[in-house]
Amino acid sequence: MIRIKAEPIHRMVQYTNKSSTDYRKDMDNGWIDAARVGDIPNNECTVFDLDDEDIAIYNLDGEYFAIEDRCTHDGGDLAGGWVESGCAVCPRHGARFDIRTGKVMAPPAYEDIHAFPVRVQQGVIQIRDDRE
């Protein structure tokens with residue numbers, strides 16, 4: 001697991017094909033640069049701090065998905081666990097969450113977690129906070 005704290009990577013990435021106007025347009029749409037393609041090994045995740053909430057961004061065979069990094073059973077982090085059959089497995093008590101949807105797949109958790117929209121733009125993985 002890789003942990004990214006506080007600073008979105010847009011401060012570190014050089015966009016050779018984007019002007020500052022394009023960047024603002026992305027921000028206006030709510031997309032946030034979170035990681036680079038290639039930084040997250042297959043079947044692993046990185047943790048991104050979104051307004052003081054940890055979001056786990058997973059790579060499943062080259063597709064990227066983002067879910068809350070929180071087991072609804074007891075509040076523990078999911079990123080410290082492992083990936084099995086497309087599910088994040090909580091390291092504390094074995095609850096399973098579908099990485100694509102956030103749906104709980106096995107107890108002891110019974111409440112789903114939020115899955116965030118993800119897209120890849122010019123080699124950068126972006127997430128959008130669509131919670132209300």
# chains A, B, ... in the order shown; residues from 1 in each chain; ligands from 1
>>> residues_around(residues="range 82-92 of chain A", least_positions_apart="6", cutoff="7 Å", atoms="only C-alpha atoms", output="list of chain:residue names")
A:Asn43, A:Glu44, A:Cys71, A:Asp98, A:Ile99
>>> residues_around(residues="Arg70 in chain A", least_positions_apart="6", cutoff="8 Å", atoms="only C-alpha atoms", output="number ranges by chain")
A: 54, 76-78, 113
>>> residues_around(residues="Glu53 in chain A", least_positions_apart="6", cutoff="10 Å", atoms="only C-alpha atoms", output="ChimeraX atom specification")
/A:6,47,68-70
>>> closest_residue(among="A:Arg36, A:Ala79, A:Thr72, A:Ile67", to="Gly102 in chain A", atoms="only C-alpha atoms")
A:Ile67
>>> residues_around(residues="Gly123 in chain A", least_positions_apart="2", cutoff="9 Å", atoms="only C-alpha atoms", output="list in words")
Ala35, Arg36, Val37, Gly38, Val120, Gln121 and Ile125 of chain A
>>> atom_distance(atom1="CA of Pro41 in chain A", atom2="CA of Ala56 in chain A")
13.2 Å
>>> select_by_dssp(residues="range 8-125 of chain A", states="strand (DSSP E or B)", output="number ranges by chain")
A: 31-36, 44-50, 53-60, 63-68, 82-84, 87-89, 96-98, 104-106, 115-116, 118-121, 124-125
>>> write_last_selection(atoms="N, CA and C atoms", output="compact mmCIF listing (two decimals), in the first residue's frame")
# COMPACT_ATOMS: atom_id res chain seq x y z
N TRP A 31 -13.09 17.04 -10.68
CA TRP A 31 -12.10 15.96 -10.77
C TRP A 31 -10.82 16.38 -10.06
N ILE A 32 -10.25 15.46 -9.29
CA ILE A 32 -9.06 15.73 -8.49
C ILE A 32 -7.98 14.72 -8.88
N ASP A 33 -6.78 15.21 -9.19
CA ASP A 33 -5.66 14.33 -9.48
C ASP A 33 -5.27 13.59 -8.21
N ALA A 34 -5.22 12.26 -8.30
CA ALA A 34 -4.97 11.47 -7.10
C ALA A 34 -3.72 10.61 -7.18
N ALA A 35 -3.39 10.09 -8.34
CA ALA A 35 -2.22 9.22 -8.49
C ALA A 35 -1.86 9.15 -9.97
N ARG A 36 -0.72 8.57 -10.25
CA ARG A 36 -0.29 8.39 -11.63
C ARG A 36 -0.52 6.93 -12.04
N GLU A 44 -3.44 -3.99 -5.91
CA GLU A 44 -3.03 -3.24 -4.73
C GLU A 44 -3.70 -1.87 -4.77
N CYS A 45 -3.45 -1.08 -3.73
CA CYS A 45 -4.09 0.23 -3.68
C CYS A 45 -3.13 1.28 -3.15
N THR A 46 -3.56 2.52 -3.33
CA THR A 46 -2.91 3.65 -2.70
C THR A 46 -4.00 4.38 -1.93
N VAL A 47 -3.62 5.11 -0.92
CA VAL A 47 -4.59 5.86 -0.12
C VAL A 47 -4.39 7.34 -0.40
N PHE A 48 -5.49 8.00 -0.71
CA PHE A 48 -5.50 9.42 -1.03
C PHE A 48 -6.33 10.16 0.00
N ASP A 49 -5.81 11.24 0.55
CA ASP A 49 -6.51 12.03 1.56
C ASP A 49 -7.40 13.05 0.85
N LEU A 50 -8.70 12.88 0.95
CA LEU A 50 -9.67 13.78 0.35
C LEU A 50 -10.41 14.49 1.47
N GLU A 53 -10.44 12.64 4.70
CA GLU A 53 -11.01 11.30 4.65
C GLU A 53 -10.16 10.46 3.71
N ASP A 54 -9.78 9.27 4.15
CA ASP A 54 -8.95 8.40 3.32
C ASP A 54 -9.80 7.69 2.27
N ILE A 55 -9.33 7.75 1.02
CA ILE A 55 -9.96 7.09 -0.11
C ILE A 55 -8.94 6.09 -0.65
N ALA A 56 -9.34 4.83 -0.78
CA ALA A 56 -8.45 3.80 -1.33
C ALA A 56 -8.69 3.70 -2.82
N ILE A 57 -7.62 3.86 -3.60
CA ILE A 57 -7.69 3.75 -5.05
C ILE A 57 -7.01 2.44 -5.44
N TYR A 58 -7.78 1.55 -6.05
CA TYR A 58 -7.31 0.21 -6.38
C TYR A 58 -7.06 0.06 -7.88
N ASN A 59 -6.07 -0.76 -8.20
CA ASN A 59 -5.78 -1.16 -9.57
C ASN A 59 -6.21 -2.62 -9.70
N LEU A 60 -7.25 -2.86 -10.51
CA LEU A 60 -7.68 -4.23 -10.80
C LEU A 60 -7.45 -4.47 -12.28
N GLU A 63 -7.62 -1.40 -14.49
CA GLU A 63 -8.77 -0.53 -14.27
C GLU A 63 -8.67 0.01 -12.85
N TYR A 64 -9.04 1.26 -12.67
CA TYR A 64 -8.89 1.90 -11.37
C TYR A 64 -10.25 2.19 -10.76
N PHE A 65 -10.34 1.96 -9.44
CA PHE A 65 -11.57 2.15 -8.69
C PHE A 65 -11.22 2.81 -7.37
N ALA A 66 -12.14 3.61 -6.84
CA ALA A 66 -11.89 4.32 -5.58
C ALA A 66 -13.07 4.10 -4.64
N ILE A 67 -12.76 3.71 -3.42
CA ILE A 67 -13.77 3.51 -2.38
C ILE A 67 -13.30 4.14 -1.08
N GLU A 68 -14.25 4.38 -0.19
CA GLU A 68 -13.88 4.85 1.14
C GLU A 68 -12.97 3.80 1.78
N TRP A 82 -6.19 -7.00 2.03
CA TRP A 82 -5.77 -7.55 0.75
C TRP A 82 -6.94 -7.57 -0.22
N VAL A 83 -6.63 -7.87 -1.47
CA VAL A 83 -7.63 -7.97 -2.53
C VAL A 83 -7.85 -9.44 -2.84
N GLU A 84 -9.11 -9.83 -2.89
CA GLU A 84 -9.45 -11.21 -3.22
C GLU A 84 -10.73 -11.22 -4.06
N CYS A 87 -12.56 -8.00 -4.34
CA CYS A 87 -13.04 -7.43 -3.08
C CYS A 87 -11.87 -6.97 -2.22
N ALA A 88 -12.09 -5.86 -1.50
CA ALA A 88 -11.15 -5.43 -0.47
C ALA A 88 -11.54 -6.18 0.80
N VAL A 89 -10.58 -6.87 1.39
CA VAL A 89 -10.82 -7.65 2.59
C VAL A 89 -10.26 -6.91 3.79
N ARG A 96 -15.81 -8.06 3.63
CA ARG A 96 -15.41 -7.88 2.23
C ARG A 96 -16.30 -6.85 1.55
N PHE A 97 -15.65 -6.00 0.74
CA PHE A 97 -16.35 -4.96 0.01
C PHE A 97 -15.96 -5.05 -1.46
N ASP A 98 -16.95 -5.00 -2.34
CA ASP A 98 -16.69 -4.99 -3.78
C ASP A 98 -15.97 -3.69 -4.13
N VAL A 104 -21.09 -4.19 0.33
CA VAL A 104 -20.57 -5.18 1.27
C VAL A 104 -20.91 -6.57 0.74
N MET A 105 -19.93 -7.45 0.75
CA MET A 105 -20.10 -8.79 0.21
C MET A 105 -20.05 -9.88 1.27
N ALA A 106 -19.52 -9.57 2.45
CA ALA A 106 -19.43 -10.58 3.51
C ALA A 106 -19.37 -9.89 4.86
N ALA A 115 -18.47 4.35 -3.35
CA ALA A 115 -17.53 4.19 -4.47
C ALA A 115 -17.53 5.51 -5.25
N PHE A 116 -16.36 6.02 -5.53
CA PHE A 116 -16.19 7.32 -6.19
C PHE A 116 -15.97 7.14 -7.69
N VAL A 118 -14.10 7.47 -11.09
CA VAL A 118 -12.67 7.50 -11.40
C VAL A 118 -12.53 7.61 -12.91
N ARG A 119 -11.54 8.39 -13.33
CA ARG A 119 -11.19 8.44 -14.74
C ARG A 119 -9.68 8.59 -14.85
N VAL A 120 -9.16 8.29 -16.02
CA VAL A 120 -7.73 8.47 -16.29
C VAL A 120 -7.61 9.48 -17.42
N GLN A 121 -6.83 10.54 -17.16
CA GLN A 121 -6.59 11.61 -18.13
C GLN A 121 -5.09 11.81 -18.26
N VAL A 124 -2.93 10.31 -15.62
CA VAL A 124 -3.21 10.68 -14.24
C VAL A 124 -4.57 10.11 -13.84
N ILE A 125 -4.61 9.43 -12.71
CA ILE A 125 -5.85 8.89 -12.17
C ILE A 125 -6.54 10.01 -11.41
>>> select_by_dssp(residues="range 22-116 of chain A", states="alpha helix (DSSP H)", output="list in words")
Asp22, Tyr23, Arg24, Lys25, Asp26, Met27 and Asp28 of chain A
>>> atom_distance(atom1="CA of Glu111 in chain A", atom2="CA of Gly94 in chain A")
14.2 Å
>>> atom_distance(atom1="CA of Ala109 in chain A", atom2="CA of Gly75 in chain A")
9.9 Å
